[in-house]
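*Asks:* You'll find target-v2.txt just under this line, and it carries compact mmCIF, C-alpha atoms.
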```
# COMPACT_ATOMS: atom_id res chain seq x y z
CA MET A 1 -50.27 32.08 -35.34
CA GLN A 2 -47.32 34.26 -34.43
CA MET A 3 -47.69 36.39 -31.31
CA THR A 4 -46.52 39.96 -31.62
CA THR A 5 -46.01 42.48 -28.86
CA ILE A 6 -47.95 45.65 -29.46
CA GLU A 7 -46.43 48.73 -27.85
CA ALA A 8 -48.65 50.14 -25.12
CA PRO A 9 -49.55 53.79 -25.73
CA PRO A 10 -48.55 56.30 -23.08
CA ILE A 11 -51.08 57.63 -20.62
CA GLU A 12 -51.23 61.42 -20.96
CA PRO A 13 -49.27 63.13 -18.15
CA THR A 14 -52.14 65.54 -17.45
CA THR A 15 -54.59 62.69 -16.79
CA GLU A 16 -56.04 62.93 -13.31
CA PRO A 17 -55.53 59.81 -11.19
CA VAL A 18 -58.67 58.39 -9.59
CA GLN A 19 -58.36 56.17 -6.54
CA ILE A 20 -60.71 53.22 -6.96
CA SER A 21 -62.55 52.50 -3.72
CA ALA A 22 -62.03 49.17 -1.99
CA GLU A 23 -65.80 48.67 -1.84
CA PRO A 24 -68.16 48.92 -4.85
CA GLN A 25 -70.02 52.21 -5.22
CA PRO A 26 -73.49 52.38 -6.82
CA THR A 27 -72.52 55.07 -9.34
CA GLU A 28 -69.06 53.87 -10.33
CA TYR A 29 -67.97 53.08 -13.86
CA GLY A 30 -67.33 49.53 -15.06
CA ALA A 31 -63.64 50.39 -15.34
CA HIS A 32 -63.55 50.75 -11.56
CA THR A 33 -65.12 47.33 -11.08
CA PHE A 34 -62.59 45.85 -13.54
CA GLY A 35 -59.64 47.30 -11.61
CA ARG A 36 -61.02 46.24 -8.23
CA LEU A 37 -61.59 42.68 -9.45
CA ILE A 38 -57.97 42.41 -10.63
CA THR A 39 -56.72 43.29 -7.15
CA THR A 40 -59.33 41.09 -5.45
CA TYR A 41 -58.22 38.04 -7.43
CA LEU A 42 -54.57 38.91 -6.88
CA GLN A 43 -55.13 39.11 -3.10
CA LYS A 44 -56.44 35.55 -3.19
CA TYR A 45 -53.47 34.30 -5.23
CA LEU A 46 -50.82 36.09 -3.16
CA ARG A 47 -52.60 35.56 0.17
CA THR A 48 -51.79 39.11 1.19
CA GLU A 49 -53.36 42.55 1.00
CA VAL A 50 -53.18 44.34 -2.34
CA GLU A 51 -54.00 48.03 -2.38
CA ALA A 52 -56.93 49.29 -4.44
CA PRO A 53 -55.73 50.52 -7.84
CA VAL A 54 -55.34 54.06 -9.09
CA TYR A 55 -57.14 54.49 -12.42
CA ARG A 56 -56.15 56.82 -15.25
CA CYS A 57 -57.92 57.22 -18.59
CA ASN A 58 -56.66 59.22 -21.56
CA PRO A 59 -59.04 62.06 -22.50
CA TYR A 60 -59.48 60.72 -26.04
CA GLY A 61 -62.93 62.31 -26.33
CA ALA A 62 -61.54 65.79 -25.66
CA ARG A 63 -58.38 65.74 -27.77
CA PRO A 64 -56.41 63.44 -30.05
CA CYS A 65 -54.59 60.83 -28.00
CA ALA A 66 -54.52 57.07 -27.69
CA ARG A 67 -57.62 55.35 -26.37
CA ALA A 68 -55.98 53.85 -23.28
CA GLN A 69 -56.43 53.45 -19.56
CA SER A 70 -54.22 52.21 -16.76
CA TYR A 71 -54.50 50.64 -13.34
CA GLU A 72 -51.59 51.06 -10.92
CA PHE A 73 -51.20 49.36 -7.54
CA ALA A 74 -48.70 47.79 -5.17
CA ALA A 75 -48.81 44.02 -4.75
CA ALA A 76 -46.42 42.56 -2.19
CA GLU A 77 -43.09 44.30 -2.81
CA PHE A 78 -43.86 45.07 -6.46
CA GLN A 79 -45.41 48.00 -8.30
CA VAL A 80 -47.90 46.73 -10.90
CA THR A 81 -49.29 48.63 -13.88
CA VAL A 82 -51.94 47.25 -16.22
CA VAL A 83 -52.53 49.21 -19.43
CA ALA A 84 -55.68 48.47 -21.41
CA PHE A 85 -55.87 49.84 -24.93
CA GLU A 86 -57.29 49.17 -28.37
CA ALA A 87 -55.28 48.05 -31.37
CA LYS A 88 -55.93 47.17 -34.97
CA LEU A 89 -54.07 43.99 -35.81
CA ASP A 90 -52.39 43.47 -39.17
CA GLY A 91 -54.86 42.41 -41.84
CA SER A 92 -57.87 43.03 -39.63
CA TYR A 93 -60.56 45.67 -39.80
CA ASP A 94 -61.53 45.04 -36.20
CA VAL A 95 -60.22 46.94 -33.22
CA LEU A 96 -59.37 44.55 -30.41
CA PRO A 97 -58.70 45.08 -26.71
CA VAL A 98 -55.05 44.61 -25.74
CA TYR A 99 -53.55 44.47 -22.26
CA ALA A 100 -49.96 45.21 -21.27
CA LEU A 101 -48.63 44.25 -17.84
CA PHE A 102 -45.69 45.92 -16.12
CA LEU A 103 -43.90 44.81 -12.96
CA ASP A 104 -41.71 47.53 -11.45
CA GLY A 105 -41.85 49.37 -14.78
CA GLU A 106 -40.70 46.38 -16.85
CA ARG A 107 -43.16 44.90 -19.33
CA VAL A 108 -43.85 41.22 -18.69
CA THR A 109 -45.34 38.53 -20.90
CA PHE A 110 -49.11 38.26 -20.99
CA ASN A 111 -50.88 35.80 -23.25
CA PRO A 112 -54.43 35.33 -21.96
CA ARG A 113 -56.04 31.96 -22.51
CA SER A 114 -59.34 33.68 -23.28
CA TYR A 115 -61.05 37.04 -23.07
CA GLN A 116 -63.55 35.70 -20.54
CA ASP A 117 -62.77 36.67 -16.96
CA MET A 118 -59.99 39.00 -18.11
CA GLU A 119 -59.61 40.32 -14.56
CA LYS A 120 -58.76 36.80 -13.40
CA GLU A 121 -56.41 36.22 -16.35
CA ILE A 122 -54.51 39.44 -15.55
CA ALA A 123 -54.30 38.65 -11.82
CA LEU A 124 -53.06 35.13 -12.55
CA ALA A 125 -50.35 36.43 -14.90
CA VAL A 126 -49.21 39.05 -12.36
CA TRP A 127 -49.12 36.41 -9.61
CA LEU A 128 -47.03 34.05 -11.73
CA HIS A 129 -44.56 36.82 -12.63
CA ILE A 130 -44.27 37.86 -8.97
CA ASP A 131 -43.68 34.23 -8.00
CA ASP A 132 -40.99 33.90 -10.68
CA ARG A 133 -39.25 37.06 -9.48
CA ARG A 134 -39.29 35.83 -5.88
CA HIS A 135 -37.84 32.45 -6.86
CA ASP A 136 -35.16 34.13 -8.98
CA ALA A 137 -34.20 36.34 -6.02
CA GLU A 138 -34.07 33.33 -3.66
CA ARG A 139 -31.96 31.38 -6.13
CA ALA A 140 -29.56 34.30 -6.58
CA ALA A 141 -29.23 34.77 -2.81
CA LYS A 142 -28.59 31.05 -2.32
CA GLN A 143 -25.91 31.01 -5.03
CA LYS A 144 -24.30 34.08 -3.55
CA GLY A 145 -24.22 32.37 -0.13
CA GLU A 146 -22.63 29.21 -1.61
CA ARG A 147 -19.80 31.20 -3.18
CA ARG A 148 -18.56 32.54 0.14
```
If you convert what's in this file into structure tokens, what do you get?

*Replies:*
Amino acid sequence: MQMTTIEAPPIEPTTEPVQISAEPQPTEYGAHTFGRLITTYLQKYLRTEVEAPVYRCNPYGARPCARAQSYEFAAAEFQVTVVAFEAKLDGSYDVLPVYALFLDGERVTFNPRSYQDMEKEIALAVWLHIDDRRHDAERAAKQKGERR
């Protein structure tokens, strides 16, 4: 099976950002719980504080636009964006959930092992990409120091 990258739809610029609370609220939407769980898992992996995400959801019920939502938060020294959207894959009649991850505005690879515990899958992928970026920066600094 060949993996293809599906372009993440834009979040409408007029979409109001909603700060997800750090603690669960009795009347909150499931999307808030989803975003909070991503940052909770990521805090465990990074062993540092991760701010609660800002949630945005396209107003697809009010006007024609992509059915998409995003979660934005800072993790360590990086800005993370998770875009969740629906896509119809080639040859399929089904609409499937798709997730795109961005680190400092750059899309990074995300191939979940399963759709169970998606919050954990996303947090794990973000953690691994942050770890890779840190190691790359350390390696570059070390090589720069050796050249002097």

*Asks:* Restricting the calculation to all atoms listed in the file, which member of A:Tyr93, A:Tyr29, A:Tyr99, A:Phe85 is positioned closest to Asn58 of chain A?

*Replies:*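 Distance minimum relative to Asn58 of chain A lands on A:Phe85.
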
*Asks:* Please, what distance in Å, to one decimal, runs between atom CA of Thr14 of chain A and atom CA of Arg56 of chain A?

*Replies:*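 Atom CA of Arg56 of chain A lies 9.8 Å from atom CA of Thr14 of chain A.
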
*Asks:* Quick one: distance from atom CA of Lys44 of chain A to atom CA of Ala123 of chain A in Å, one decimal?

*Replies:* 9.4 Å

*Asks:* Can you work out which one of A:Phe73, A:Gln116, A:Val126, A:Glu23 has the shortest atom-to-atom distance to Ala100 of chain A, counting only C-alpha atoms?

*Replies:*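 With only C-alpha atoms as the atom set, the closest residue is A:Val126.
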
*Asks:* Can you tell me, as an MDAnalysis selection string, which residues sit within 6 Å of (-57.6, 55.0, -5.9) in the file's frame, using all atoms listed in the file?

*Replies:* chainID A and resid 18:21 52:54

*Asks:* Just want the 9 Å neighbourhood of Gln79 of chain A, counted on only C-alpha atoms, with same-chain residues fewer than 4 positions away dropped. Output as number ranges by chain.

*Replies:* A: 72-75, 102-105

*Asks:* Nearest to Val83 of chain A among A:Gly35, A:Pro59, A:Pro64, A:Gly145, with distances taken over all atoms listed in the file: which residue is it?

*Replies:*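 Answer, going by the shortest atom-to-atom distance: A:Gly35.
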
*Asks:* Please, what is the axis-aligned box for every listed atom of segment 28-44 of chain A with 3 Å on each side, as centre and edge lengths in Å to one decimal, as JSON?

*Replies:*
```
{"center_x": -61.8, "center_y": 44.7, "center_z": -9.2, "size_x": 20.5, "size_y": 24.3, "size_z": 18.2}
```

*Asks:* Considering only C-alpha atoms, can you say which of A:Ala62, A:Ile130, A:Ala31, A:Ala125 comes closest to Ala76 of chain A?

*Replies:*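 Closest to Ala76 of chain A of all the choices is A:Ile130.
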
*Asks:* Using all atoms listed in the file, pick whichever of A:Leu101, A:Gln43, A:Glu7, A:Thr15 has the shortest atom-to-atom distance to Tyr60 of chain A.

*Replies:*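 Looking only at the distances to Tyr60 of chain A, the closest residue turns out to be A:Thr15.
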
*Asks:* Of the candidates A:Ala66, A:Cys57, A:Val80, A:Leu124, which one gets nearest to Glu106 of chain A if we count all atoms listed in the file?

*Replies:*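 When distances to Glu106 of chain A are compared using all atoms listed in the file, the smallest one comes from A:Val80.
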
*Asks:* Would you mind putting N, CA and C atoms back on segment 63-95 of chain A and writing the result as an mmCIF file, in the coordinates of the input?

*Replies:*
```cif
data_model
loop_
_atom_site.group_PDB
_atom_site.id
_atom_site.type_symbol
_atom_site.label_atom_id
_atom_site.label_comp_id
_atom_site.auth_asym_id
_atom_site.auth_seq_id
_atom_site.Cartn_x
_atom_site.Cartn_y
_atom_site.Cartn_z
ATOM 1 N N ARG A 63 -59.479 65.372 -26.871
ATOM 2 C CA ARG A 63 -58.380 65.740 -27.770
ATOM 3 C C ARG A 63 -57.758 64.483 -28.354
ATOM 4 N N PRO A 64 -56.996 64.622 -29.432
ATOM 5 C CA PRO A 64 -56.410 63.440 -30.050
ATOM 6 C C PRO A 64 -55.328 62.814 -29.165
ATOM 7 N N CYS A 65 -55.574 61.621 -28.744
ATOM 8 C CA CYS A 65 -54.590 60.830 -28.000
ATOM 9 C C CYS A 65 -55.056 59.381 -28.046
ATOM 10 N N ALA A 66 -54.189 58.495 -27.647
ATOM 11 C CA ALA A 66 -54.520 57.070 -27.690
ATOM 12 C C ALA A 66 -55.682 56.752 -26.761
ATOM 13 N N ARG A 67 -56.511 55.828 -27.206
ATOM 14 C CA ARG A 67 -57.620 55.350 -26.370
ATOM 15 C C ARG A 67 -57.023 54.304 -25.430
ATOM 16 N N ALA A 68 -56.665 54.736 -24.222
ATOM 17 C CA ALA A 68 -55.980 53.850 -23.280
ATOM 18 C C ALA A 68 -56.334 54.225 -21.848
ATOM 19 N N GLN A 69 -56.219 53.238 -20.980
ATOM 20 C CA GLN A 69 -56.430 53.450 -19.560
ATOM 21 C C GLN A 69 -55.459 52.586 -18.776
ATOM 22 N N SER A 70 -55.155 52.999 -17.556
ATOM 23 C CA SER A 70 -54.220 52.210 -16.760
ATOM 24 C C SER A 70 -54.728 52.026 -15.344
ATOM 25 N N TYR A 71 -54.236 50.960 -14.733
ATOM 26 C CA TYR A 71 -54.500 50.640 -13.340
ATOM 27 C C TYR A 71 -53.139 50.443 -12.688
ATOM 28 N N GLU A 72 -52.881 51.153 -11.593
ATOM 29 C CA GLU A 72 -51.590 51.060 -10.920
ATOM 30 C C GLU A 72 -51.835 50.713 -9.454
ATOM 31 N N PHE A 73 -51.051 49.758 -8.935
ATOM 32 C CA PHE A 73 -51.200 49.360 -7.540
ATOM 33 C C PHE A 73 -49.957 48.620 -7.076
ATOM 34 N N ALA A 74 -49.797 48.552 -5.756
ATOM 35 C CA ALA A 74 -48.700 47.790 -5.170
ATOM 36 C C ALA A 74 -49.232 46.420 -4.773
ATOM 37 N N ALA A 75 -48.468 45.393 -5.111
ATOM 38 C CA ALA A 75 -48.810 44.020 -4.750
ATOM 39 C C ALA A 75 -47.546 43.396 -4.170
ATOM 40 N N ALA A 76 -47.607 43.049 -2.894
ATOM 41 C CA ALA A 76 -46.420 42.560 -2.190
ATOM 42 C C ALA A 76 -45.359 43.648 -2.297
ATOM 43 N N GLU A 77 -44.167 43.301 -2.717
ATOM 44 C CA GLU A 77 -43.090 44.300 -2.810
ATOM 45 C C GLU A 77 -42.955 44.873 -4.212
ATOM 46 N N PHE A 78 -43.938 44.669 -5.054
ATOM 47 C CA PHE A 78 -43.860 45.070 -6.460
ATOM 48 C C PHE A 78 -44.870 46.157 -6.800
ATOM 49 N N GLN A 79 -44.492 47.001 -7.748
ATOM 50 C CA GLN A 79 -45.410 48.000 -8.300
ATOM 51 C C GLN A 79 -45.945 47.427 -9.617
ATOM 52 N N VAL A 80 -47.259 47.340 -9.733
ATOM 53 C CA VAL A 80 -47.900 46.730 -10.900
ATOM 54 C C VAL A 80 -48.655 47.807 -11.679
ATOM 55 N N THR A 81 -48.514 47.764 -12.999
ATOM 56 C CA THR A 81 -49.290 48.630 -13.880
ATOM 57 C C THR A 81 -49.925 47.759 -14.960
ATOM 58 N N VAL A 82 -51.208 47.932 -15.151
ATOM 59 C CA VAL A 82 -51.940 47.250 -16.220
ATOM 60 C C VAL A 82 -52.433 48.347 -17.161
ATOM 61 N N VAL A 83 -52.065 48.248 -18.432
ATOM 62 C CA VAL A 83 -52.530 49.210 -19.430
ATOM 63 C C VAL A 83 -53.482 48.489 -20.372
ATOM 64 N N ALA A 84 -54.682 49.021 -20.491
ATOM 65 C CA ALA A 84 -55.680 48.470 -21.410
ATOM 66 C C ALA A 84 -55.831 49.468 -22.555
ATOM 67 N N PHE A 85 -55.750 48.956 -23.773
ATOM 68 C CA PHE A 85 -55.870 49.840 -24.930
ATOM 69 C C PHE A 85 -56.449 49.076 -26.102
ATOM 70 N N GLU A 86 -56.731 49.788 -27.170
ATOM 71 C CA GLU A 86 -57.290 49.170 -28.370
ATOM 72 C C GLU A 86 -56.245 49.180 -29.464
ATOM 73 N N ALA A 87 -56.239 48.130 -30.268
ATOM 74 C CA ALA A 87 -55.280 48.050 -31.370
ATOM 75 C C ALA A 87 -55.932 47.377 -32.556
ATOM 76 N N LYS A 88 -55.493 47.783 -33.718
ATOM 77 C CA LYS A 88 -55.930 47.170 -34.970
ATOM 78 C C LYS A 88 -54.809 46.235 -35.396
ATOM 79 N N LEU A 89 -55.089 44.961 -35.447
ATOM 80 C CA LEU A 89 -54.070 43.990 -35.810
ATOM 81 C C LEU A 89 -53.883 43.948 -37.316
ATOM 82 N N ASP A 90 -52.694 43.554 -37.741
ATOM 83 C CA ASP A 90 -52.390 43.470 -39.170
ATOM 84 C C ASP A 90 -53.429 42.630 -39.903
ATOM 85 N N GLY A 91 -53.922 43.153 -41.004
ATOM 86 C CA GLY A 91 -54.860 42.410 -41.840
ATOM 87 C C GLY A 91 -56.268 42.350 -41.299
ATOM 88 N N SER A 92 -56.546 43.079 -40.237
ATOM 89 C CA SER A 92 -57.870 43.030 -39.630
ATOM 90 C C SER A 92 -58.516 44.413 -39.685
ATOM 91 N N TYR A 93 -59.815 44.418 -39.850
ATOM 92 C CA TYR A 93 -60.560 45.670 -39.800
ATOM 93 C C TYR A 93 -61.071 45.944 -38.392
ATOM 94 N N ASP A 94 -61.006 44.922 -37.556
ATOM 95 C CA ASP A 94 -61.530 45.040 -36.200
ATOM 96 C C ASP A 94 -60.523 45.663 -35.256
ATOM 97 N N VAL A 95 -61.036 46.407 -34.310
ATOM 98 C CA VAL A 95 -60.220 46.940 -33.220
ATOM 99 C C VAL A 95 -60.419 45.998 -32.042
#
```
